[in-house]
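To keep things clear, I will list the structure first and then write my remarks on it.
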Amino acid sequence: MRTFAFCALILFTFMMSACSNTTPSGNDYSSALTASSSSFSSSTSTSSSSSSGVSSSSLVSSSSEVESSSSSFSETDSLALTWVTVPAGSWTRGTTHSTQSLFAITQTEITQADYFAVLDTLPVQKLYGDSLPVANVSWFDAVRFCNALSKMLKMDTAYTYSSIGPGGVLLDIQANYTSESVRLPTEAEWEYAIRAGTTTEYYWGTATAITYAQYASSAGYINVASKKPNAWNLYDMAGNVSEWCSDWSSAYAAVAELSNPTGPSRGIERVYRGGSWNTTAPSLASNARESALPELAADTRGFRVVHFLPYE
């Protein structure tokens, strides 16, 4: 079943559904980013990428390649998601050395069309468009999207909770990192993916930041994949909208040897990464991190998701 679900996810093509352009109700909040130090090393090689748009190719389960593919599932509503396999490898943040198993991550941030196709609703957006990233979503909203998409794909759900409290808060929530499911990336997976084998402060090195990231703007977010991707063909990992991660926020361990770290088991705030359309350049750094209460949404914050194959 696991193999069938993964193949169904990776090898077929979703059809993009039309996203409603009517204005629903909701709230906006603001956010900012701070940075911490980290570095990266990988034993894997990377594929070349094109700046002309989202590419599509065969997805392989090889630790020596990073490729993208269109994936599909047919339901009443349909959506278009392109997934990129992130190879197994290792990286270092300060004195913490981590190894990561292979996983698949969406090539772009979840769009408004994607969100509407899965949940049949859309929060108030600063700007509206099928190919614009969905924003103004709380961490709980992102979790609900993950669980709903997992069900559409006939997978297990990664997140369980006892009940829904005021404001849509999911009470007693727990994440299952060993099931085959769609979920938010862990903070470690996210940083491993943005770096794509680089050890520089920014994944584009000394190139011009604006060609890779939408930032320092008063206009707002732009269509996903409008900028150049990183070396693993992932778009908008920096800028456009910052992205929720699955982890509770906490200080990093001073010294550690970790395998597929998932963060602390409890906390107050959830991590988000990547900077956004209105932040300054330092917030785009691959090690920049921030956190917020999981019930808070912001028009600067969205998410992308991973398809997880259980660690073996």
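Quick note on naming: the chains in the structure tokens go A, B, ... in the order shown, residues restart at 1 in each chain, and ligands are numbered from 1 in order of appearance.
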
Tell me, counting only C-alpha atoms, for each residue of stretch 77-154 of chain A within 10 Å of stretch 246-250 of chain A, which pair of atoms is nearest and how far apart they are in Å to one decimal, in rows ordered by chain and increasing number, as JSON lines.
```
{"residue": "A:Trp139", "atom": "CA", "partner": "A:Ser246", "partner_atom": "CA", "distance": 8.3}
{"residue": "A:Ala142", "atom": "CA", "partner": "A:Ser246", "partner_atom": "CA", "distance": 9.5}
{"residue": "A:Val143", "atom": "CA", "partner": "A:Ser246", "partner_atom": "CA", "distance": 8.5}
```

Exercise. Contacts of A:Tyr221 at 10 Å or less, counting only C-alpha atoms, minus same-chain residues fewer than 6 places along, as a list in words?
Worked result: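 Contacts, with the query itself left out: Lys126, Leu127, Tyr128, Leu132, Pro133, Val134, Ala135, Gln214, Tyr215, Gly239, Asn240, Val241, Ser276, Trp277, Asn278, Asp299, Thr300 and Arg301 of chain A.
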
Create the file for the chosen residues now, containing C-alpha atoms and written as a PDB file, in the first residue's frame.
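Done, and the output landed in selection.pdb:
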```pdb
ATOM      1  CA  LYS A 126      -3.747  40.389   0.538  1.00  0.00           C
ATOM      2  CA  LEU A 127      -3.800  39.511  -3.180  1.00  0.00           C
ATOM      3  CA  TYR A 128      -5.825  36.890  -5.019  1.00  0.00           C
ATOM      4  CA  LEU A 132      -0.113  33.132  -5.756  1.00  0.00           C
ATOM      5  CA  PRO A 133       0.957  31.452  -2.510  1.00  0.00           C
ATOM      6  CA  VAL A 134      -1.750  31.028   0.074  1.00  0.00           C
ATOM      7  CA  ALA A 135      -1.081  33.282   3.053  1.00  0.00           C
ATOM      8  CA  GLN A 214      10.744  38.311  -3.478  1.00  0.00           C
ATOM      9  CA  TYR A 215      11.601  40.535  -0.523  1.00  0.00           C
ATOM     10  CA  GLY A 239      11.158  35.305   0.341  1.00  0.00           C
ATOM     11  CA  ASN A 240       7.611  35.517  -1.048  1.00  0.00           C
ATOM     12  CA  VAL A 241       5.928  34.052   2.073  1.00  0.00           C
ATOM     13  CA  SER A 276       8.849  36.943   3.209  1.00  0.00           C
ATOM     14  CA  TRP A 277       7.916  39.610   0.691  1.00  0.00           C
ATOM     15  CA  ASN A 278       8.367  42.464   3.182  1.00  0.00           C
ATOM     16  CA  ASP A 299      -0.314  37.815   5.306  1.00  0.00           C
ATOM     17  CA  THR A 300       3.433  37.231   5.167  1.00  0.00           C
ATOM     18  CA  ARG A 301       3.242  33.550   6.092  1.00  0.00           C
TER      19      ARG A 301
END
```

For this session: Would you please give, as an NGL selection string, all residues of stretch 95-268 of chain A that DSSP assigns to helix (DSSP H, G or I) based on the backbone?
Result: :A and (112-119 or 139-152 or 166-168 or 187-195 or 209-211)

Can I get the selected residues back with N, CA and C atoms, as a short mmCIF file (atom, residue, chain, number, x, y, z; two decimals), in the first residue's frame?
```
data_model
loop_
_atom_site.label_atom_id
_atom_site.label_comp_id
_atom_site.auth_asym_id
_atom_site.auth_seq_id
_atom_site.Cartn_x
_atom_site.Cartn_y
_atom_site.Cartn_z
N GLN A 112 -2.91 29.38 -3.63
CA GLN A 112 -4.31 29.59 -3.27
C GLN A 112 -5.21 28.56 -3.95
N ALA A 113 -4.90 28.22 -5.21
CA ALA A 113 -5.67 27.20 -5.92
C ALA A 113 -5.53 25.84 -5.25
N ASP A 114 -4.29 25.48 -4.82
CA ASP A 114 -4.07 24.21 -4.12
C ASP A 114 -4.90 24.15 -2.85
N TYR A 115 -4.83 25.23 -2.08
CA TYR A 115 -5.52 25.27 -0.79
C TYR A 115 -7.02 25.14 -0.96
N PHE A 116 -7.56 25.86 -1.92
CA PHE A 116 -9.00 25.80 -2.16
C PHE A 116 -9.43 24.43 -2.66
N ALA A 117 -8.60 23.80 -3.49
CA ALA A 117 -8.94 22.49 -4.04
C ALA A 117 -9.02 21.43 -2.95
N VAL A 118 -8.21 21.56 -1.92
CA VAL A 118 -8.18 20.57 -0.85
C VAL A 118 -9.21 20.86 0.23
N LEU A 119 -9.34 22.12 0.65
CA LEU A 119 -10.20 22.46 1.79
C LEU A 119 -11.49 23.17 1.39
N TRP A 139 -0.82 27.94 11.76
CA TRP A 139 -0.19 26.61 11.75
C TRP A 139 -1.26 25.54 11.74
N PHE A 140 -2.33 25.75 12.48
CA PHE A 140 -3.42 24.78 12.51
C PHE A 140 -4.10 24.65 11.15
N ASP A 141 -4.23 25.76 10.41
CA ASP A 141 -4.78 25.69 9.06
C ASP A 141 -3.90 24.82 8.17
N ALA A 142 -2.57 25.01 8.29
CA ALA A 142 -1.63 24.22 7.48
C ALA A 142 -1.73 22.74 7.83
N VAL A 143 -1.89 22.43 9.10
CA VAL A 143 -2.04 21.04 9.55
C VAL A 143 -3.31 20.43 8.98
N ARG A 144 -4.41 21.18 9.01
CA ARG A 144 -5.66 20.67 8.45
C ARG A 144 -5.52 20.37 6.96
N PHE A 145 -4.78 21.23 6.25
CA PHE A 145 -4.51 20.97 4.83
C PHE A 145 -3.74 19.67 4.66
N CYS A 146 -2.72 19.47 5.48
CA CYS A 146 -1.91 18.24 5.39
C CYS A 146 -2.77 17.00 5.61
N ASN A 147 -3.58 17.01 6.65
CA ASN A 147 -4.42 15.85 6.94
C ASN A 147 -5.44 15.61 5.83
N ALA A 148 -6.03 16.68 5.30
CA ALA A 148 -7.02 16.54 4.23
C ALA A 148 -6.37 15.99 2.96
N LEU A 149 -5.18 16.46 2.63
CA LEU A 149 -4.50 15.95 1.44
C LEU A 149 -4.09 14.50 1.64
N SER A 150 -3.64 14.14 2.83
CA SER A 150 -3.32 12.74 3.12
C SER A 150 -4.52 11.85 2.88
N LYS A 151 -5.69 12.28 3.33
CA LYS A 151 -6.91 11.49 3.14
C LYS A 151 -7.27 11.38 1.66
N MET A 152 -7.10 12.48 0.90
CA MET A 152 -7.35 12.44 -0.53
C MET A 152 -6.46 11.41 -1.21
N PRO A 166 -11.70 26.85 20.68
CA PRO A 166 -12.05 28.17 20.15
C PRO A 166 -10.98 28.66 19.17
N GLY A 167 -11.43 29.31 18.09
CA GLY A 167 -10.49 29.84 17.11
C GLY A 167 -9.84 28.79 16.25
N GLY A 168 -10.38 27.58 16.26
CA GLY A 168 -9.83 26.54 15.41
C GLY A 168 -8.59 25.87 15.97
N GLU A 187 11.83 21.36 10.91
CA GLU A 187 12.75 22.48 10.71
C GLU A 187 14.06 22.00 10.09
N ALA A 188 14.52 20.82 10.52
CA ALA A 188 15.76 20.26 9.97
C ALA A 188 15.59 19.92 8.49
N GLU A 189 14.47 19.30 8.12
CA GLU A 189 14.21 19.00 6.71
C GLU A 189 14.16 20.29 5.90
N TRP A 190 13.52 21.29 6.44
CA TRP A 190 13.38 22.56 5.72
C TRP A 190 14.75 23.18 5.47
N GLU A 191 15.59 23.25 6.48
CA GLU A 191 16.90 23.88 6.28
C GLU A 191 17.79 23.02 5.38
N TYR A 192 17.69 21.73 5.51
CA TYR A 192 18.42 20.83 4.61
C TYR A 192 18.00 21.10 3.16
N ALA A 193 16.71 21.32 2.94
CA ALA A 193 16.20 21.55 1.59
C ALA A 193 16.58 22.92 1.05
N ILE A 194 16.51 23.97 1.86
CA ILE A 194 16.85 25.29 1.35
C ILE A 194 18.33 25.38 1.00
N ARG A 195 19.17 24.74 1.79
CA ARG A 195 20.60 24.82 1.53
C ARG A 195 21.00 24.05 0.27
N ALA A 209 20.34 38.84 -4.88
CA ALA A 209 19.26 38.20 -4.12
C ALA A 209 17.90 38.33 -4.80
N ILE A 210 17.62 39.47 -5.42
CA ILE A 210 16.28 39.71 -5.97
C ILE A 210 15.95 38.77 -7.12
N THR A 211 16.95 38.15 -7.73
CA THR A 211 16.67 37.18 -8.80
C THR A 211 16.22 35.83 -8.22
#
```

For this session: Would you please extract all strand (DSSP E or B) residues from stretch 122-167 of chain A, as assigned by DSSP on the backbone, and give them as a list in words?
Result: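 The strand (DSSP E or B) subset of stretch 122-167 of chain A is Pro133, Tyr159, Thr160, Ser163 and Ile164 of chain A.
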
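The spacing separating atom CA of A:Arg289 from atom CA of A:Leu171 amounts to 25.1 Å.
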
Exercise. Within 9 Å of A:Glu243, counting only C-alpha atoms, which residues qualify if same-chain residues fewer than 2 places away don't, as an NGL selection string?
Worked result: :A and (109 or 237 or 241 or 245 or 271-276 or 300-304)
